[in-house]
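*Asks:* Input file: run37.cif. Contents: mmCIF, C-alpha atoms.
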```cif
data_work
loop_
_atom_site.label_atom_id
_atom_site.label_comp_id
_atom_site.auth_asym_id
_atom_site.auth_seq_id
_atom_site.Cartn_x
_atom_site.Cartn_y
_atom_site.Cartn_z
CA MET A 1 0.00 0.00 0.00
CA SER A 2 1.33 3.42 -0.86
CA LEU A 3 0.49 6.62 0.96
CA PRO A 4 0.40 10.03 -0.68
CA ILE A 5 3.05 12.26 0.85
CA LYS A 6 4.12 15.84 0.41
CA ILE A 7 7.77 16.84 0.61
CA VAL A 8 8.20 20.36 1.98
CA VAL A 9 11.54 22.01 1.27
CA ASN A 10 12.87 25.10 3.02
CA TRP A 11 15.42 26.11 0.38
CA ASP A 12 16.99 28.67 2.76
CA LYS A 13 18.17 25.82 5.00
CA VAL A 14 19.13 23.23 2.37
CA GLN A 15 22.79 22.25 2.28
CA VAL A 16 24.07 19.69 -0.22
CA CYS A 17 27.37 18.23 -1.32
CA GLU A 18 28.95 19.28 -4.62
CA GLU A 19 27.74 16.15 -6.41
CA CYS A 20 24.10 16.68 -5.34
CA ALA A 21 24.30 20.38 -6.24
CA LYS A 22 25.42 19.44 -9.74
CA LYS A 23 22.57 16.91 -10.07
CA ILE A 24 20.02 19.54 -8.96
CA VAL A 25 21.37 22.09 -11.46
CA ASP A 26 21.37 19.53 -14.28
CA GLU A 27 17.79 18.49 -13.51
CA VAL A 28 16.55 22.10 -13.33
CA ARG A 29 18.24 22.91 -16.64
CA ARG A 30 16.70 19.85 -18.25
CA GLN A 31 13.20 20.60 -16.98
CA ILE A 32 13.22 24.38 -17.46
CA ARG A 33 12.83 23.88 -21.18
CA SER A 34 9.42 22.33 -20.54
CA GLY A 35 8.39 25.32 -18.39
CA ASN A 36 7.50 23.16 -15.39
CA VAL A 37 10.24 22.30 -12.90
CA GLN A 38 9.42 19.60 -10.36
CA LEU A 39 12.35 18.05 -8.55
CA ASP A 40 12.22 14.53 -7.18
CA LEU A 41 14.61 15.18 -4.30
CA PRO A 42 14.62 11.64 -2.89
CA LYS A 43 15.96 10.46 -6.25
CA ILE A 44 18.46 13.31 -6.67
CA LEU A 45 20.06 13.63 -3.23
CA CYS A 46 22.59 11.16 -1.89
CA ASP A 47 21.74 9.44 1.40
CA ASP A 48 24.01 11.71 3.44
CA CYS A 49 22.47 14.92 2.03
CA TRP A 50 18.93 13.57 2.43
CA GLU A 51 19.53 12.60 6.07
CA PHE A 52 21.32 15.85 6.94
CA ASN A 53 18.57 18.02 5.48
CA SER A 54 15.81 15.90 7.00
CA ASP A 55 17.46 16.08 10.42
CA ASN A 56 17.98 19.87 10.33
CA GLY A 57 14.42 20.62 9.18
CA ALA A 58 15.24 21.74 5.64
CA ILE A 59 13.20 18.83 4.27
CA ARG A 60 9.98 17.61 5.88
CA ILE A 61 7.80 14.76 4.76
CA GLU A 62 4.11 15.16 5.51
CA LEU A 63 1.23 12.81 4.98
CA ASP A 64 -1.60 14.03 2.81
CA PRO A 65 -4.23 15.51 5.17
CA ARG A 66 -6.94 13.31 3.59
CA VAL A 67 -5.05 10.23 4.82
CA LEU A 68 -4.91 11.55 8.37
CA ARG A 69 -8.67 12.14 8.48
CA LYS A 70 -9.55 8.53 7.63
#
```
Will you turn the file into structure tokens for me?
*Replies:*
Amino acid sequence: MSLPIKIVVNWDKVQVCEECAKKIVDEVRRQIRSGNVQLDLPKILCDDCWEFNSDNGAIRIELDPRVLRK
């Protein structure tokens, strides 16, 4: 069973390694041509960057409010 989640990013707090920064820039450049940029951060960030940013509050994962009401 999958649950709908929302990833909330506070870009002012995000800190990433050089490799992840390059992947983010490459993905934004690729998507900007389509006019709609949506980053899949769990796929882009390495485990260390994901954990660091999750622990310091830069990235929060929230359940869809409709799931919580059921």
*Asks:* Measuring between only C-alpha atoms, which one of A:Trp11, A:Glu51, A:Ile44, A:Leu3 shows the shortest distance to A:Asp26?
*Replies:* A:Ile44
*Asks:* Under the PyMOL selection byres ((chain A and resi 14) around 9), which residues of this model are included? Write them out as a PyMOL selection string.
*Replies:* chain A and resi 9-13+15-16+49+52-53+56-59
*Asks:* Do you know which residues are at most 8 Å from A:Glu27 counting all atoms listed in the file, after dropping those on the same chain fewer than 4 positions away, and could you put them as a list in words?
*Replies:* Lys23, Gln31 and Leu39 of chain A
*Asks:* Restrict the selected residues to C-alpha atoms and save them as a PDB file, in the coordinates of the input.
*Replies:*
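As written to disk, selection-v1.pdb reads:
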```
ATOM      1  CA  LYS A  23      22.570  16.910 -10.070  1.00  0.00           C
ATOM      2  CA  GLN A  31      13.200  20.600 -16.980  1.00  0.00           C
ATOM      3  CA  LEU A  39      12.350  18.050  -8.550  1.00  0.00           C
TER       4      LEU A  39
END
```
*Asks:* In Å, rounded to a single decimal, give me how far atom CA of A:Cys17 is from atom CA of A:Cys46.
*Replies:*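 We find that atom CA of A:Cys46 and atom CA of A:Cys17 lie 8.6 Å from each other.
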*Asks:* Extract, using only C-alpha atoms, all DNA, RNA and protein residues at most 8 Å from A:Ile61, discarding same-chain residues fewer than 5 positions from it, and format them as a list in words.
*Replies:*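 So, after excluding close chain neighbours, the residues are Ile5, Lys6, Ile7 and Val8 of chain A.
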*Asks:* Output C-alpha atoms for every residue in that selection, as a short mmCIF file (atom, residue, chain, number, x, y, z; two decimals), in the frame of the given file.
*Replies:*
```
data_model
loop_
_atom_site.label_atom_id
_atom_site.label_comp_id
_atom_site.auth_asym_id
_atom_site.auth_seq_id
_atom_site.Cartn_x
_atom_site.Cartn_y
_atom_site.Cartn_z
CA ILE A 5 3.05 12.26 0.85
CA LYS A 6 4.12 15.84 0.41
CA ILE A 7 7.77 16.84 0.61
CA VAL A 8 8.20 20.36 1.98
#
```
*Asks:* Using Å and a single decimal, report how far atom CA of A:Asp47 sits from atom CA of A:Gly35.
*Replies:*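 About the pair atom CA of A:Gly35 and atom CA of A:Asp47: they are 28.7 Å apart.
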*Asks:* Output the residue selection produced by the PyMOL selection byres ((chain A and resi 64) around 6) on the file above, formatted as a ChimeraX atom specification.
*Replies:* /A:4-5,63,65-67
*Asks:* In Å, rounded to a single decimal, give me how far atom CA of A:Pro42 is from atom CA of A:Val28.
*Replies:*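 Spanning atom CA of A:Val28 to atom CA of A:Pro42 is a straight-line distance of 14.9 Å.
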*Asks:* Give the answer as one residue: which of A:Arg29, A:Asp55, A:Glu62, A:Cys20 has the shortest atom-to-atom distance to A:Lys43, using only C-alpha atoms?
*Replies:*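 Once distances to A:Lys43 are computed over only C-alpha atoms, the minimum belongs to A:Cys20.
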*Asks:* Pick out the closest residue to A:Arg60 from this set: A:Glu18, A:Val25, A:Leu41, A:Asn36. Count all atoms listed in the file.
*Replies:*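 For A:Arg60, the nearest of the candidates is A:Leu41.
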*Asks:* Would you compute an axis-aligned box for stretch 7-21 of chain A, covering every atom listed for it in the file with 6 Å of margin on each side, and report centre and edge lengths in Å to one decimal as lines of an AutoDock Vina configuration file?
*Replies:*
```
center_x = 18.4
center_y = 22.4
center_z = -0.7
size_x = 33.2
size_y = 24.5
size_z = 23.4
```
